[in-house]
Amino acid sequence: MLQFQDIQQAAARLQGQVLDTPCVESRTLSHITGADVFLKFENLQFTASFKERGACNKLAELTAGGSRPGVIAMSAGNHAQGVAYHAERLGLRAVIVMPRFTPGVKVSRTRGFGAEVVLHGDTLEAARAHALELAKNQGLTFVHPYDDLAVMAGQGTLGLEMLRDQPDLDILVVPVGGGGLISGIATAAKAIKPGIEVIGVQVQRFPAMFNLIKDEEHEQGVSTIAEGIAVGAPGALCVEVIRERVDELLLVDEGDIEQAIVMLLEIEKTLVEGAGAAALAALLKYRPRFAGKKVGMVLSGGNIDPLLLASIIGRGMVRSGRLARIVVSARDIPGMLARITALVADAGANIDEVHHQRAFTALSAQSVEIEMVLQTRGHEHVTEIIALLREQGWEVHLVQ
C-alpha cells in the first residue's frame, strides 16, 4: 500500500519540476457556503492539471538509472498532457491513446507537447486495452493514470502542500475518478494530521468508486461534462487506500457541476473543467455537512472545451434568471411589437432575440405570439417585467 514516505520522496523529485500552486481562502465562497473555503489552484499548472505531478514522478523514477524508455499512456486528456510534457522534457518517446470523445483542446495540446496521439474507443477501458496492446507490440512502458504507486505518490504531494500552507484545515474535498488523486492526498493528510477528514466526490453518472466502497448499485451513464473523472473501473491499488483512509464519498449531478463552473469563473475569475468543479459542487449540494468547517478544495484541472464552456455559461445565466425567455400574446396590429419592446427596454432589460410567431400558434388569426430572450438582472427582475407587460393587458408567460 502507498506510504507517506513514498509521497515525501515524490515531493523531492518534483521540486522545481511542477508548480507549487497557491492554496488560498475564497471569502465570497465561504460566505455563500457557510464554510471557510480554501482553494488549491491546480488548474494553474503548466498543463492546467494536477496530473503533471504523478506523471513527472513516474517518469523520474523510470529515468533515474539513466535509461530512456519509450512510454505509453491512456487518458481522456489531463494525464495525457502530463505524460507528454514531461516525456518531452526528459527526451522520451511518448504515445498517448485517447478515447474518441476527448475534447479537441486536450488532443491538440497533447500533440503540441510532441506526443503521438492515437484516438481509439469510446471509453477509457477501450483506450486502455489498446494502449496495453501497443505497449506489448512496441516495447513501451505503460504509465497508468491512477493505478500506479508512483503516480499516486506524485498526486499525494498536493496534500503535503495544502497542509503546509493551511495547517488548520478540517476537511479536504477531492474529485474522484480512478482514485489516484484522493489516495495520494489521503495518505499524506492522515499522516500529517490524523484527525482531518478526507471526502471524495464523484459525478452521479460515473459512480464506480462510490458503488464499490459503499456496496451500492447506482447505474453508470454514458457521458458527463466531468469527463476527467468519468472512470468505469477504479484502480485496485487506489481502492485499498480509499477503504482505509478516506472518510466519505459523495455524489453530485451535472447541474451541480455546471453551477460550480460558472461560480468559479464569475467569483474567483478562474477557469476549471467539469472534474475541477466537483469539490465545489459537493460543498454547494451538501452545505450542512461542511458548515462552520475549514475546507480545502482541489480545483484539479482547467482544460475545458470552449464550446462546452459557452454552453455551460449560457445555461448558468438561465438558471440564475439573467437570461430569460418570455412569450407575449397580443393583437397583430402595426406598432404592437414596438410598444412591447419599448416597455421591456424601459424596464431595464436587453433583448437578445425576438421572434414573431403567427403560424405555429393556437391563438386567433388576428393575434400573434412574440417570443423574446431577455438579458435581465435576475429572477426578481424577470418577475417585474412580466408584471409590467400584464398591466398593459397582454398575456405573458415565462418559458422554462
# chains A, B, ... in the order shown; residues from 1 in each chain; ligands from 1

call {"tool": "closest_atom_pairs", "arguments": {"of": "stretch 162-188 of chain A", "to": "stretch 222-230 of chain A", "cutoff": "9 Å", "atoms": "only C-alpha atoms", "output": "JSON lines"}}
result
{"residue": "A:Pro175", "atom": "CA", "partner": "A:Ile229", "partner_atom": "CA", "distance": 7.3}
{"residue": "A:Val176", "atom": "CA", "partner": "A:Ile229", "partner_atom": "CA", "distance": 6.1}
{"residue": "A:Gly177", "atom": "CA", "partner": "A:Ile229", "partner_atom": "CA", "distance": 3.8}
{"residue": "A:Gly178", "atom": "CA", "partner": "A:Ile229", "partner_atom": "CA", "distance": 7.1}

call {"tool": "residues_around", "arguments": {"residues": "A:Glu88", "least_positions_apart": "6", "cutoff": "10 Å", "atoms": "only C-alpha atoms", "output": "number ranges by chain"}}
result
A: 94, 113-115

call {"tool": "write_last_selection", "arguments": {"atoms": "N, CA, C and O atoms", "output": "PDB file, in the first residue's frame"}}
result
ATOM      1  N   ALA A  94       6.797   9.422 -26.441  1.00  0.00           N
ATOM      2  CA  ALA A  94       5.523   9.247 -25.738  1.00  0.00           C
ATOM      3  C   ALA A  94       4.408   8.986 -26.736  1.00  0.00           C
ATOM      4  O   ALA A  94       4.229   9.734 -27.702  1.00  0.00           O
ATOM      5  N   PHE A 113       2.782  18.887 -27.292  1.00  0.00           N
ATOM      6  CA  PHE A 113       3.931  18.529 -26.461  1.00  0.00           C
ATOM      7  C   PHE A 113       4.811  17.464 -27.117  1.00  0.00           C
ATOM      8  O   PHE A 113       5.742  16.945 -26.493  1.00  0.00           O
ATOM      9  N   GLY A 114       4.499  17.132 -28.362  1.00  0.00           N
ATOM     10  CA  GLY A 114       5.348  16.197 -29.098  1.00  0.00           C
ATOM     11  C   GLY A 114       4.948  14.750 -28.995  1.00  0.00           C
ATOM     12  O   GLY A 114       5.649  13.872 -29.516  1.00  0.00           O
ATOM     13  N   ALA A 115       3.822  14.461 -28.368  1.00  0.00           N
ATOM     14  CA  ALA A 115       3.391  13.068 -28.225  1.00  0.00           C
ATOM     15  C   ALA A 115       2.696  12.582 -29.492  1.00  0.00           C
ATOM     16  O   ALA A 115       2.126  13.368 -30.250  1.00  0.00           O
TER      17      ALA A 115
END

call {"tool": "select_by_dssp", "arguments": {"residues": "stretch 76-314 of chain A", "states": "strand (DSSP E)", "output": "NGL selection string"}}
result
:A and (94-98 or 116-119 or 141-142 or 171-175 or 197-203 or 248-252 or 294-299)

call {"tool": "select_by_dssp", "arguments": {"residues": "stretch 121-316 of chain A", "states": "helix (DSSP H, G or I)", "output": "MDAnalysis selection string"}}
result
chainID A and resid 124:138 149:165 180:192 208:214 227:229 236:245 254:267 275:285 287:290 306:316

call {"tool": "atom_distance", "arguments": {"atom1": "atom CA of A:Ala73", "atom2": "atom CA of A:Leu212"}}
result
24.8 Å

call {"tool": "decode", "arguments": {"residues": "stretch 124-148 of chain A", "atoms": "N, CA, C and O atoms", "output": "PDB file, in the first residue's frame"}}
result
ATOM      1  N   LEU A 124     -12.573   4.894 -21.531  1.00  0.00           N
ATOM      2  CA  LEU A 124     -11.202   4.759 -21.046  1.00  0.00           C
ATOM      3  C   LEU A 124     -10.762   3.302 -21.041  1.00  0.00           C
ATOM      4  O   LEU A 124      -9.586   2.993 -21.270  1.00  0.00           O
ATOM      5  N   GLU A 125     -11.704   2.404 -20.776  1.00  0.00           N
ATOM      6  CA  GLU A 125     -11.361   0.981 -20.731  1.00  0.00           C
ATOM      7  C   GLU A 125     -10.918   0.484 -22.114  1.00  0.00           C
ATOM      8  O   GLU A 125      -9.955  -0.279 -22.240  1.00  0.00           O
ATOM      9  N   ALA A 126     -11.636   0.923 -23.161  1.00  0.00           N
ATOM     10  CA  ALA A 126     -11.256   0.539 -24.522  1.00  0.00           C
ATOM     11  C   ALA A 126      -9.903   1.137 -24.895  1.00  0.00           C
ATOM     12  O   ALA A 126      -9.057   0.484 -25.525  1.00  0.00           O
ATOM     13  N   ALA A 127      -9.679   2.390 -24.500  1.00  0.00           N
ATOM     14  CA  ALA A 127      -8.396   3.037 -24.770  1.00  0.00           C
ATOM     15  C   ALA A 127      -7.272   2.323 -24.029  1.00  0.00           C
ATOM     16  O   ALA A 127      -6.170   2.147 -24.561  1.00  0.00           O
ATOM     17  N   ARG A 128      -7.551   1.908 -22.812  1.00  0.00           N
ATOM     18  CA  ARG A 128      -6.533   1.212 -22.001  1.00  0.00           C
ATOM     19  C   ARG A 128      -6.134  -0.107 -22.654  1.00  0.00           C
ATOM     20  O   ARG A 128      -4.942  -0.431 -22.745  1.00  0.00           O
ATOM     21  N   ALA A 129      -7.129  -0.875 -23.107  1.00  0.00           N
ATOM     22  CA  ALA A 129      -6.827  -2.164 -23.742  1.00  0.00           C
ATOM     23  C   ALA A 129      -5.953  -1.975 -24.979  1.00  0.00           C
ATOM     24  O   ALA A 129      -4.999  -2.734 -25.207  1.00  0.00           O
ATOM     25  N   HIS A 130      -6.258  -0.957 -25.765  1.00  0.00           N
ATOM     26  CA  HIS A 130      -5.465  -0.692 -26.967  1.00  0.00           C
ATOM     27  C   HIS A 130      -4.060  -0.226 -26.606  1.00  0.00           C
ATOM     28  O   HIS A 130      -3.077  -0.613 -27.257  1.00  0.00           O
ATOM     29  N   ALA A 131      -3.953   0.576 -25.555  1.00  0.00           N
ATOM     30  CA  ALA A 131      -2.643   1.052 -25.117  1.00  0.00           C
ATOM     31  C   ALA A 131      -1.764  -0.104 -24.650  1.00  0.00           C
ATOM     32  O   ALA A 131      -0.562  -0.152 -24.955  1.00  0.00           O
ATOM     33  N   LEU A 132      -2.344  -1.035 -23.919  1.00  0.00           N
ATOM     34  CA  LEU A 132      -1.577  -2.200 -23.450  1.00  0.00           C
ATOM     35  C   LEU A 132      -1.106  -3.063 -24.619  1.00  0.00           C
ATOM     36  O   LEU A 132       0.008  -3.601 -24.608  1.00  0.00           O
ATOM     37  N   GLU A 133      -1.941  -3.167 -25.640  1.00  0.00           N
ATOM     38  CA  GLU A 133      -1.557  -3.929 -26.837  1.00  0.00           C
ATOM     39  C   GLU A 133      -0.391  -3.248 -27.552  1.00  0.00           C
ATOM     40  O   GLU A 133       0.578  -3.909 -27.967  1.00  0.00           O
ATOM     41  N   LEU A 134      -0.477  -1.932 -27.693  1.00  0.00           N
ATOM     42  CA  LEU A 134       0.609  -1.190 -28.337  1.00  0.00           C
ATOM     43  C   LEU A 134       1.892  -1.270 -27.508  1.00  0.00           C
ATOM     44  O   LEU A 134       2.996  -1.364 -28.064  1.00  0.00           O
ATOM     45  N   ALA A 135       1.741  -1.203 -26.178  1.00  0.00           N
ATOM     46  CA  ALA A 135       2.915  -1.289 -25.296  1.00  0.00           C
ATOM     47  C   ALA A 135       3.657  -2.608 -25.521  1.00  0.00           C
ATOM     48  O   ALA A 135       4.891  -2.643 -25.610  1.00  0.00           O
ATOM     49  N   LYS A 136       2.900  -3.691 -25.630  1.00  0.00           N
ATOM     50  CA  LYS A 136       3.496  -5.013 -25.833  1.00  0.00           C
ATOM     51  C   LYS A 136       4.162  -5.110 -27.204  1.00  0.00           C
ATOM     52  O   LYS A 136       5.298  -5.605 -27.335  1.00  0.00           O
ATOM     53  N   ASN A 137       3.477  -4.598 -28.221  1.00  0.00           N
ATOM     54  CA  ASN A 137       3.994  -4.728 -29.591  1.00  0.00           C
ATOM     55  C   ASN A 137       5.196  -3.828 -29.863  1.00  0.00           C
ATOM     56  O   ASN A 137       6.064  -4.155 -30.667  1.00  0.00           O
ATOM     57  N   GLN A 138       5.245  -2.664 -29.197  1.00  0.00           N
ATOM     58  CA  GLN A 138       6.299  -1.686 -29.489  1.00  0.00           C
ATOM     59  C   GLN A 138       7.325  -1.539 -28.369  1.00  0.00           C
ATOM     60  O   GLN A 138       8.207  -0.686 -28.455  1.00  0.00           O
ATOM     61  N   GLY A 139       7.219  -2.362 -27.331  1.00  0.00           N
ATOM     62  CA  GLY A 139       8.203  -2.310 -26.250  1.00  0.00           C
ATOM     63  C   GLY A 139       8.166  -1.023 -25.451  1.00  0.00           C
ATOM     64  O   GLY A 139       9.211  -0.507 -25.025  1.00  0.00           O
ATOM     65  N   LEU A 140       6.968  -0.484 -25.221  1.00  0.00           N
ATOM     66  CA  LEU A 140       6.810   0.762 -24.480  1.00  0.00           C
ATOM     67  C   LEU A 140       6.423   0.484 -23.024  1.00  0.00           C
ATOM     68  O   LEU A 140       5.792  -0.533 -22.719  1.00  0.00           O
ATOM     69  N   THR A 141       6.786   1.385 -22.138  1.00  0.00           N
ATOM     70  CA  THR A 141       6.414   1.260 -20.725  1.00  0.00           C
ATOM     71  C   THR A 141       5.073   1.941 -20.505  1.00  0.00           C
ATOM     72  O   THR A 141       4.911   3.132 -20.807  1.00  0.00           O
ATOM     73  N   PHE A 142       4.113   1.191 -19.973  1.00  0.00           N
ATOM     74  CA  PHE A 142       2.779   1.729 -19.761  1.00  0.00           C
ATOM     75  C   PHE A 142       2.744   2.572 -18.485  1.00  0.00           C
ATOM     76  O   PHE A 142       3.178   2.124 -17.425  1.00  0.00           O
ATOM     77  N   VAL A 143       2.247   3.797 -18.593  1.00  0.00           N
ATOM     78  CA  VAL A 143       2.118   4.702 -17.447  1.00  0.00           C
ATOM     79  C   VAL A 143       0.631   4.863 -17.154  1.00  0.00           C
ATOM     80  O   VAL A 143      -0.078   5.587 -17.863  1.00  0.00           O
ATOM     81  N   HIS A 144       0.173   4.188 -16.126  1.00  0.00           N
ATOM     82  CA  HIS A 144      -1.256   4.204 -15.786  1.00  0.00           C
ATOM     83  C   HIS A 144      -1.635   5.559 -15.193  1.00  0.00           C
ATOM     84  O   HIS A 144      -0.853   6.149 -14.435  1.00  0.00           O
ATOM     85  N   PRO A 145      -2.830   6.076 -15.496  1.00  0.00           N
ATOM     86  CA  PRO A 145      -3.210   7.398 -14.982  1.00  0.00           C
ATOM     87  C   PRO A 145      -3.502   7.445 -13.488  1.00  0.00           C
ATOM     88  O   PRO A 145      -3.488   8.533 -12.896  1.00  0.00           O
ATOM     89  N   TYR A 146      -3.769   6.286 -12.862  1.00  0.00           N
ATOM     90  CA  TYR A 146      -4.075   6.330 -11.425  1.00  0.00           C
ATOM     91  C   TYR A 146      -3.674   5.070 -10.663  1.00  0.00           C
ATOM     92  O   TYR A 146      -3.255   5.156  -9.520  1.00  0.00           O
ATOM     93  N   ASP A 147      -3.727   3.904 -11.279  1.00  0.00           N
ATOM     94  CA  ASP A 147      -3.471   2.669 -10.535  1.00  0.00           C
ATOM     95  C   ASP A 147      -1.990   2.304 -10.565  1.00  0.00           C
ATOM     96  O   ASP A 147      -1.582   1.263 -11.070  1.00  0.00           O
ATOM     97  N   ASP A 148      -1.166   3.191 -10.015  1.00  0.00           N
ATOM     98  CA  ASP A 148       0.284   3.041 -10.017  1.00  0.00           C
ATOM     99  C   ASP A 148       0.816   3.773  -8.784  1.00  0.00           C
ATOM    100  O   ASP A 148       0.480   4.936  -8.562  1.00  0.00           O
TER     101      ASP A 148
END
